[in-house]
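Undergrad: Compact mmCIF, C-alpha atoms, saved as start_31.txt, coming up:
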# COMPACT_ATOMS: atom_id res chain seq x y z
CA TRP H 1 0.00 0.00 0.00
CA PRO H 2 1.60 3.32 -1.03
CA LEU H 3 2.16 5.97 1.63
CA ARG H 4 -0.06 8.32 -0.34
CA PRO H 5 -2.97 8.66 -0.13
CA GLY H 6 -3.46 6.05 2.59
CA TRP H 7 -0.90 6.53 5.35
CA LEU H 8 -0.34 10.27 5.00
CA THR H 9 -4.07 10.98 4.77
CA LEU H 10 -4.72 8.89 7.86
CA ALA H 11 -1.93 10.71 9.69
CA LYS H 12 -3.53 14.07 8.80
CA HIS H 13 -6.87 12.86 10.16
CA TYR H 14 -5.25 11.77 13.42
CA TYR H 15 -3.58 15.18 13.69
CA LYS H 16 -6.84 17.07 13.05
CA GLN H 17 -8.56 14.94 15.69
CA GLU H 18 -5.70 15.74 18.10
CA LYS H 19 -4.77 12.06 18.38
CA MET H 20 -1.09 12.91 18.56
CA HIS H 21 0.08 9.53 19.82
CA ASP H 22 -1.53 7.81 16.82
CA PHE H 23 -0.25 10.50 14.45
CA VAL H 24 3.35 10.07 15.62
CA LEU H 25 3.14 6.27 15.77
CA LEU H 26 1.77 6.07 12.24
CA LEU H 27 4.40 8.38 10.74
CA GLU H 28 7.22 6.66 12.61
CA ASN H 29 6.18 3.26 11.28
CA CYS H 30 4.41 3.84 7.96
CA HIS H 31 7.51 3.31 5.83
CA LYS H 32 7.87 -0.22 7.18
CA ASP H 33 4.46 -1.34 5.91
CA ALA H 34 4.17 0.79 2.79
CA ALA H 35 4.67 -0.37 -0.76
CA THR H 36 8.03 0.58 -2.24
CA ASP H 37 7.41 -0.21 -5.89
CA TYR H 38 5.71 2.95 -7.13
CA ARG H 39 7.02 6.14 -8.70
CA GLU H 40 6.37 8.60 -5.85
CA GLN H 41 7.69 6.32 -3.09
CA GLU H 42 10.76 8.41 -2.24
CA LYS H 43 8.85 11.69 -2.20
CA ASP H 44 6.18 10.17 0.03
CA LYS H 45 8.76 8.83 2.48
CA MET H 46 10.44 12.23 2.60
CA LEU H 47 7.06 13.91 3.16
CA ALA H 48 6.31 11.57 6.08
CA LEU H 49 9.69 12.36 7.66
CA ASP H 50 9.28 16.11 7.09
CA THR H 51 5.76 16.05 8.53
CA LEU H 52 6.94 14.31 11.67
CA ALA H 53 9.95 16.66 11.92
CA ALA H 54 7.64 19.69 11.66
CA HIS H 55 5.55 18.22 14.48
CA TYR H 56 8.60 17.99 16.73
CA VAL H 57 9.64 21.53 15.76
CA SER H 58 6.18 22.72 16.80
CA LEU H 59 6.39 20.85 20.11
CA GLY H 60 9.85 22.27 20.76
CA ARG H 61 8.75 25.79 19.93
CA LYS H 62 5.96 25.59 22.53
CA GLU H 63 8.10 23.89 25.19
CA LYS H 64 9.22 25.98 28.19
CA ASN H 65 11.59 23.37 29.65
CA LYS H 66 14.99 23.66 27.95
CA GLU H 67 15.79 19.94 28.14
CA ALA H 68 12.43 18.93 26.68
CA ARG H 69 12.82 21.58 23.96
CA LYS H 70 16.28 20.24 23.13
CA LYS H 71 14.88 16.69 22.93
CA HIS H 72 12.13 17.73 20.49
CA PHE H 73 14.58 19.69 18.36
CA GLY H 74 16.96 16.74 18.37
CA LYS H 75 14.23 14.48 17.01
CA ALA H 76 13.38 17.06 14.35
CA THR H 77 17.04 17.36 13.33
CA SER H 78 17.35 13.59 13.02
CA LEU H 79 14.22 13.34 10.88
CA TYR H 80 15.25 16.21 8.59
CA THR H 81 18.66 14.55 8.19
CA GLN H 82 17.00 11.27 7.20
CA ALA H 83 14.86 13.16 4.67
CA ASP H 84 18.00 14.88 3.31
CA LYS H 85 19.30 11.45 2.32
CA ILE H 86 16.19 10.78 0.24
CA ILE H 87 15.68 14.01 -1.74
CA MET H 88 17.99 16.73 -0.48
CA TYR H 89 16.94 19.49 -2.87
CA ASP H 90 13.15 19.29 -2.66
CA GLN H 91 11.99 22.90 -2.27
CA ASN H 92 9.42 22.30 0.46
CA HIS H 93 11.85 20.13 2.40
CA LEU H 94 14.52 22.85 2.23
CA VAL H 95 12.09 25.57 3.29
CA GLY H 96 10.84 23.53 6.26
CA ARG H 97 14.38 22.82 7.37
CA ALA H 98 15.36 26.49 6.86
CA HIS H 99 12.48 27.72 9.03
CA PHE H 100 13.65 25.26 11.70
CA CYS H 101 17.17 26.72 11.41
CA LEU H 102 15.71 30.20 12.02
CA LEU H 103 13.86 28.96 15.07
CA GLU H 104 17.03 27.47 16.52
CA GLY H 105 18.56 30.94 16.30
CA ASP H 106 22.21 30.17 15.62
CA LYS H 107 21.80 28.85 12.09
CA THR H 108 20.68 31.97 10.26
CA ASP H 109 23.37 31.64 7.58
CA GLN H 110 22.31 28.06 6.84
CA ALA H 111 18.66 29.13 6.63
CA ASP H 112 19.57 32.02 4.34
CA ALA H 113 21.45 29.71 1.98
CA GLN H 114 18.49 27.34 1.81
CA PHE H 115 16.00 30.14 1.17
CA ASN H 116 18.29 31.56 -1.53
CA PHE H 117 18.54 28.14 -3.21
CA VAL H 118 14.76 27.77 -3.31
CA LEU H 119 14.21 31.35 -4.48
CA ALA H 120 16.73 30.88 -7.30
CA LYS H 121 14.52 28.05 -8.58
CA SER H 122 11.15 29.56 -7.72
CA GLU H 123 11.25 33.28 -6.95
CA LYS H 124 7.58 33.40 -5.91
CA HIS H 125 7.80 30.61 -3.31
CA ILE H 126 5.80 32.25 -0.50
CA ALA H 127 7.31 30.42 2.48
CA ALA H 128 10.86 30.98 1.19
CA ASN H 129 10.16 34.68 0.63
CA MET H 130 8.73 34.99 4.15
CA GLY H 131 11.77 33.28 5.64
CA LYS H 132 14.13 35.49 3.66
CA ALA H 133 12.14 38.55 4.77
CA CYS H 134 12.52 37.49 8.43
CA ILE H 135 16.28 37.27 8.02
CA LEU H 136 16.50 40.67 6.34
CA PHE H 137 14.18 42.24 8.92
CA ASN H 138 16.31 40.89 11.77
CA LYS H 139 19.36 42.41 10.05
CA LYS H 140 17.45 45.73 10.03
CA ASP H 141 17.25 45.72 6.22
CA TYR H 142 13.62 46.79 6.27
CA LYS H 143 13.37 47.74 2.59
CA GLY H 144 14.86 44.40 1.58
CA ALA H 145 12.54 42.57 3.93
CA PHE H 146 9.46 44.02 2.27
CA GLY H 147 10.87 43.88 -1.27
CA PRO H 148 9.14 40.67 -2.44
CA PHE H 149 5.82 41.83 -1.07
Show the structure stored in the file as structure tokens.

TA:
Amino acid sequence: WPLRPGWLTLAKHYYKQEKMHDFVLLLENCHKDAATDYREQEKDKMLALDTLAAHYVSLGRKEKNKEARKKHFGKATSLYTQADKIIMYDQNHLVGRAHFCLLEGDKTDQADAQFNFVLAKSEKHIAANMGKACILFNKKDYKGAFGPF
């Protein structure tokens, strides 16, 4: 059974119903039971990893306890790294990872490089433009920050 539409759709439904345990369990294990003999298999696996990574980024962002935050961010980093090994230059993957780099705070240059890569391929990519604008705004380049908008 391909990851899409089955496993990923089911994961989205669990998320919307706030069944986070089931959401995480499904995304952690879906690649083991999914078919691997279809054209979009690699993209689907990467999407499952990125989705789970984004979940851990969100948990870490909300977390007040530094150790728990570090644990969530560590899981997200590991998942993004696994996804890198599948399709490193997927635009949405790069943008998700770049936004995570911004959130971590000390990886602004890495985030900027990823946003620039995506924008070189697709100059109207909204999430990449917003990320780039955040970087420019934080550097007090206000005109540059509002340039794409």

Undergrad: Work out how far atom CA of Leu79 of chain H is from atom CA of Glu67 of chain H, in Å to one decimal.

TA: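 It comes out at 18.5 Å.
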
Undergrad: Grab the atom CA of Tyr56 of chain H to atom CA of Glu123 of chain H distance for me, in Å with one decimal place.

TA: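 Going from atom CA of Tyr56 of chain H over to atom CA of Glu123 of chain H, I get 28.3 Å.
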
Undergrad: So that all listed atoms of segment 98-112 of chain H fit with 8 Å spare on each side, what axis-aligned box centre and edge lengths in Å, to one decimal, would you give as JSON?

TA:
{"center_x": 17.9, "center_y": 28.6, "center_z": 10.4, "size_x": 26.9, "size_y": 22.8, "size_z": 28.2}

Undergrad: Using only C-alpha atoms, which residue out of H:Leu94, H:Ala111, H:Lys124, H:Met130 lies closest to Ala145 of chain H?

TA: H:Met130

Undergrad: Tell me, in Å to one decimal, how far atom CA of Pro148 of chain H is from atom CA of Cys134 of chain H.

TA: 11.8 Å

Undergrad: Counting all atoms listed in the file, what is within 10 Å of Leu25 of chain H, bar same-chain residues fewer than 5 positions away, as a ChimeraX atom specification?

TA: /H:11,20,30,52

Undergrad: When you count only C-alpha atoms, which of these residues is closest to Leu8 of chain H: H:Lys121, H:His21, H:Lys45, H:Lys139?

TA: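 With only C-alpha atoms as the atom set, the closest residue is H:Lys45.
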
Undergrad: What's the 12 Å shell around Ser78 of chain H, counting only C-alpha atoms, without same-chain residues fewer than 6 positions away, as an NGL selection string?

TA: :H and (49-50 or 52-54 or 56-57 or 71-72 or 84-85 or 97)

Undergrad: For Lys132 of chain H, please output as a JSON list (two decimals) with C-alpha atoms, keeping the file's coordinate frame all residues within 7 Å (counting all atoms listed in the file; exclusion window: fewer than 4 positions along the same chain).

TA:
[["chain", "number", "residue", "atom", "x", "y", "z"],
["H", 112, "ASP", "CA", 19.57, 32.02, 4.34],
["H", 115, "PHE", "CA", 16.00, 30.14, 1.17],
["H", 128, "ALA", "CA", 10.86, 30.98, 1.19],
["H", 136, "LEU", "CA", 16.50, 40.67, 6.34]]

Undergrad: Taking (16.7, 32.8, 11.4) as a centre in this file's frame and 9 Å as the limit, can you find every polymer residue with an atom that close, using all atoms listed in the file, and give them as a ChimeraX atom specification?

TA: /H:98-112,131-132,134-135,138
